[in-house]
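Novice: This is the structure I want to talk about, given as structure tokens.
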Amino acid sequence: MSASPFLSKHAPVCPENLLTLAKQNSPAKTAIVRAGSPLPMQAAKAAVEAGIMEPVFVGEKADIEREACAISWDVRDFRIVDTNGEEEAAYEGSLLGNRGEVDVIMKGNLHTDQFMGALIKKDTGIRTSNRLVHVFYITDPVEQRPMIISDAAVNVTPDMKTRQAAVTVVDEMARKTGIERPKIAILSATESAIPSIPSSMEAAELAEWAQINVPTSDVRGPLAMDLILSQDSANTKGLGDDPVAGKADAIIVPDIVSGNAVFKSLVYMTGGCAAGIVLGGKIPVLLTSRADPAEARLASAALAAIMR
């Protein structure tokens, strides 16, 4: 069977504006946890060559050196923290972040639950009083215009406090990446607050909160996906003058299912490049995936360098 006709034929492109902004600071010292496998090593090399990362390798020293050799990369000038197994690597990597010895921490070849479990430990991790929020910065391959999405990977059913934190984080990210006054949409299945659709009621409450607490952005909700993306839909439904409808820079989703669907739709149907990081801790966290193309891994490293 042939591939779905809905899949984009465009290859993802790492946005130049992220690389340019990341290079305005010194390379981000980045702990790469379980670095001794091809994908994290290739990602680290690309980020070093782009001038945005100084790696600190955490994991089995022999594996790290072998993988570096496989891609003809001399890593003798970089720090290696020799560990044994996932648990020890996760613990040592989280300590580096806890002590302020690195600016960013990146997941390598280990399970996400092991990695994140170490990071959120009270005394040795990077947890603060803030909520941890995952944010995707997705750009199309032609205009490279961003759409920021939170939360599609960490918070399964975020409560109101977590979604408030997401609005605050998205506002900060948008402004740090060059959007002077971000337009943030709160996603639901309708543009009206209807009791039978709980997410619409919560979206209205969140938008009202943001108008007072996040004055640097325009925040509107509830908005359905057509009203978030299409100015024609906004005009047709009488929202043509709304500051967010039809021209949103960012989307706050009600749960991980909708967030994951929106993120993957933009990636697979438009060829978007998705840079993703976790914010709210002492330092940014890169949750790389085996499915991430090289361009997305480089964009994520750039975004973390900007947000550190």
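Identifiers in this document derive from the order of the structure tokens: chains are assigned A, B, ..., residues are numbered from 1 separately in each chain, and ligands are numbered from 1 in order of occurrence.
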Do you know which residues are at most 9 Å from segment 151-166 of chain A counting only C-alpha atoms, after dropping those on the same chain fewer than 6 positions away, and could you put them as a PyMOL selection string?

Specialist: chain A and resi 130-136+202+205-206+209-210+251-263+278+280

Novice: Find the residues near Met53 of chain A: any atom within 10 Å, counting only C-alpha atoms, skip ones fewer than 3 places away on the same chain, and give them as a VMD selection string.

Specialist: chain A and resid 22 to 23 26 to 31 44 to 50 56 103 to 104 298 301 to 302 304 to 305

Novice: Take the residues from that selection and write them out as a compact mmCIF listing (two decimals), in the first residue's frame, keeping C-alpha atoms.

Specialist:
# COMPACT_ATOMS: atom_id res chain seq x y z
CA ALA A 22 21.27 30.62 20.14
CA LYS A 23 24.62 31.82 18.83
CA SER A 26 28.16 31.18 24.58
CA PRO A 27 27.56 27.50 23.74
CA ALA A 28 25.18 25.89 26.23
CA LYS A 29 26.95 23.41 28.48
CA THR A 30 24.73 20.35 27.99
CA ALA A 31 24.72 17.09 29.93
CA ALA A 44 25.66 16.56 19.94
CA LYS A 45 28.16 16.75 17.09
CA ALA A 46 25.76 18.78 14.93
CA ALA A 47 25.10 21.21 17.79
CA VAL A 48 28.81 21.61 18.53
CA GLU A 49 29.52 22.25 14.84
CA ALA A 50 26.73 24.84 14.82
CA VAL A 56 29.23 16.91 28.90
CA ASP A 103 22.95 24.81 31.41
CA VAL A 104 20.82 22.10 29.75
CA LEU A 298 19.38 20.53 16.26
CA ALA A 301 19.27 22.19 21.13
CA ALA A 302 19.07 25.74 19.78
CA ALA A 304 17.20 25.11 24.87
CA ALA A 305 20.23 27.36 24.45

Novice: Taking only segment 73-203 of chain A into account, list the residues labelled strand (DSSP E or B) by DSSP (computed from the backbone), as a VMD selection string.

Specialist: chain A and resid 79 to 82 104 to 107 133 to 139 146 to 150 183 to 187

Novice: Where does DSSP see helix (DSSP H, G or I) in segment 102-252 of chain A, if you list the residues as a PDB file with C-alpha atoms, in the first residue's frame?

Specialist:
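The resulting out13.pdb:
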ATOM      1  CA  THR A 112      12.029   8.461  29.515  1.00  0.00           C
ATOM      2  CA  ASP A 113      10.557   7.391  32.857  1.00  0.00           C
ATOM      3  CA  GLN A 114      14.032   6.615  34.226  1.00  0.00           C
ATOM      4  CA  PHE A 115      15.366   9.923  32.925  1.00  0.00           C
ATOM      5  CA  MET A 116      12.520  12.118  34.153  1.00  0.00           C
ATOM      6  CA  GLY A 117      12.237  10.209  37.419  1.00  0.00           C
ATOM      7  CA  ALA A 118      15.776  11.235  38.330  1.00  0.00           C
ATOM      8  CA  LEU A 119      15.190  14.847  37.304  1.00  0.00           C
ATOM      9  CA  MET A 160      -5.709  24.769  35.762  1.00  0.00           C
ATOM     10  CA  LYS A 161      -2.497  25.694  37.604  1.00  0.00           C
ATOM     11  CA  THR A 162      -0.430  23.681  35.130  1.00  0.00           C
ATOM     12  CA  ARG A 163      -2.178  25.262  32.158  1.00  0.00           C
ATOM     13  CA  GLN A 164      -1.599  28.696  33.662  1.00  0.00           C
ATOM     14  CA  ALA A 165       2.076  27.800  33.896  1.00  0.00           C
ATOM     15  CA  ALA A 166       1.953  26.717  30.244  1.00  0.00           C
ATOM     16  CA  VAL A 167       0.562  30.093  29.158  1.00  0.00           C
ATOM     17  CA  THR A 168       3.313  31.876  31.085  1.00  0.00           C
ATOM     18  CA  VAL A 169       6.056  29.660  29.621  1.00  0.00           C
ATOM     19  CA  VAL A 170       4.695  29.992  26.075  1.00  0.00           C
ATOM     20  CA  ASP A 171       4.506  33.777  26.439  1.00  0.00           C
ATOM     21  CA  GLU A 172       8.152  33.878  27.527  1.00  0.00           C
ATOM     22  CA  MET A 173       9.307  31.548  24.746  1.00  0.00           C
ATOM     23  CA  ALA A 174       7.448  33.460  22.058  1.00  0.00           C
ATOM     24  CA  ARG A 175       8.930  36.781  23.116  1.00  0.00           C
ATOM     25  CA  LYS A 176      12.459  35.347  23.464  1.00  0.00           C
ATOM     26  CA  PRO A 198     -15.660  20.962  29.863  1.00  0.00           C
ATOM     27  CA  SER A 199     -12.537  22.033  27.961  1.00  0.00           C
ATOM     28  CA  SER A 200     -14.422  25.031  26.570  1.00  0.00           C
ATOM     29  CA  MET A 201     -15.396  26.194  30.059  1.00  0.00           C
ATOM     30  CA  GLU A 202     -11.810  25.737  31.258  1.00  0.00           C
ATOM     31  CA  ALA A 203     -10.497  27.608  28.191  1.00  0.00           C
ATOM     32  CA  ALA A 204     -12.705  30.603  28.974  1.00  0.00           C
ATOM     33  CA  GLU A 205     -11.520  30.590  32.584  1.00  0.00           C
ATOM     34  CA  LEU A 206      -7.878  30.333  31.504  1.00  0.00           C
ATOM     35  CA  ALA A 207      -8.214  33.155  28.962  1.00  0.00           C
ATOM     36  CA  GLU A 208      -9.797  35.389  31.584  1.00  0.00           C
ATOM     37  CA  TRP A 209      -6.954  34.618  34.006  1.00  0.00           C
ATOM     38  CA  ALA A 210      -4.345  35.375  31.325  1.00  0.00           C
ATOM     39  CA  GLN A 211      -5.787  38.784  30.501  1.00  0.00           C
ATOM     40  CA  ILE A 212      -4.862  39.863  34.021  1.00  0.00           C
ATOM     41  CA  ASN A 213      -1.754  37.787  34.691  1.00  0.00           C
ATOM     42  CA  MET A 225      -8.716  24.482  15.407  1.00  0.00           C
ATOM     43  CA  ASP A 226     -10.178  26.144  12.309  1.00  0.00           C
ATOM     44  CA  LEU A 227     -10.413  29.443  14.175  1.00  0.00           C
ATOM     45  CA  ILE A 228      -6.850  29.088  15.390  1.00  0.00           C
ATOM     46  CA  LEU A 229      -5.395  28.543  11.917  1.00  0.00           C
ATOM     47  CA  GLN A 231      -8.483  33.849   8.977  1.00  0.00           C
ATOM     48  CA  ASP A 232     -11.256  32.903   6.534  1.00  0.00           C
ATOM     49  CA  SER A 233     -12.948  30.834   9.238  1.00  0.00           C
ATOM     50  CA  ALA A 234     -12.551  33.683  11.698  1.00  0.00           C
ATOM     51  CA  ASN A 235     -14.140  36.110   9.230  1.00  0.00           C
ATOM     52  CA  THR A 236     -17.014  33.729   8.464  1.00  0.00           C
TER      53      THR A 236
END

Novice: Please measure the separation of atom CA of Ile149 of chain A and atom CA of Ile179 of chain A, giving the value in Å to one decimal.

Specialist: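 Going from atom CA of Ile149 of chain A over to atom CA of Ile179 of chain A, I get 14.6 Å.
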
Novice: Using only C-alpha atoms, which residues sit within 7 Å of Ser300 of chain A once same-chain residues fewer than 6 positions away are excluded, as a ChimeraX atom specification?

Specialist: /A:275-277,286

Novice: Any idea what the distance is between atom CA of Arg127 of chain A and atom CA of Ala89 of chain A?

Specialist: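 Between these atoms lies a distance of 17.7 Å.
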
Novice: Quote the spacing between atom CA of Thr20 of chain A and atom CA of Glu143 of chain A in Å to one decimal place.

Specialist: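 Between atom CA of Thr20 of chain A and atom CA of Glu143 of chain A the gap is 16.1 Å.
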
Novice: Near Lys9 of chain A, counting only C-alpha atoms, which residues have an atom at most 12 Å away, once you skip same-chain residues fewer than 6 positions from it, shown as a PyMOL selection string?

Specialist: chain A and resi 3+141+267-272
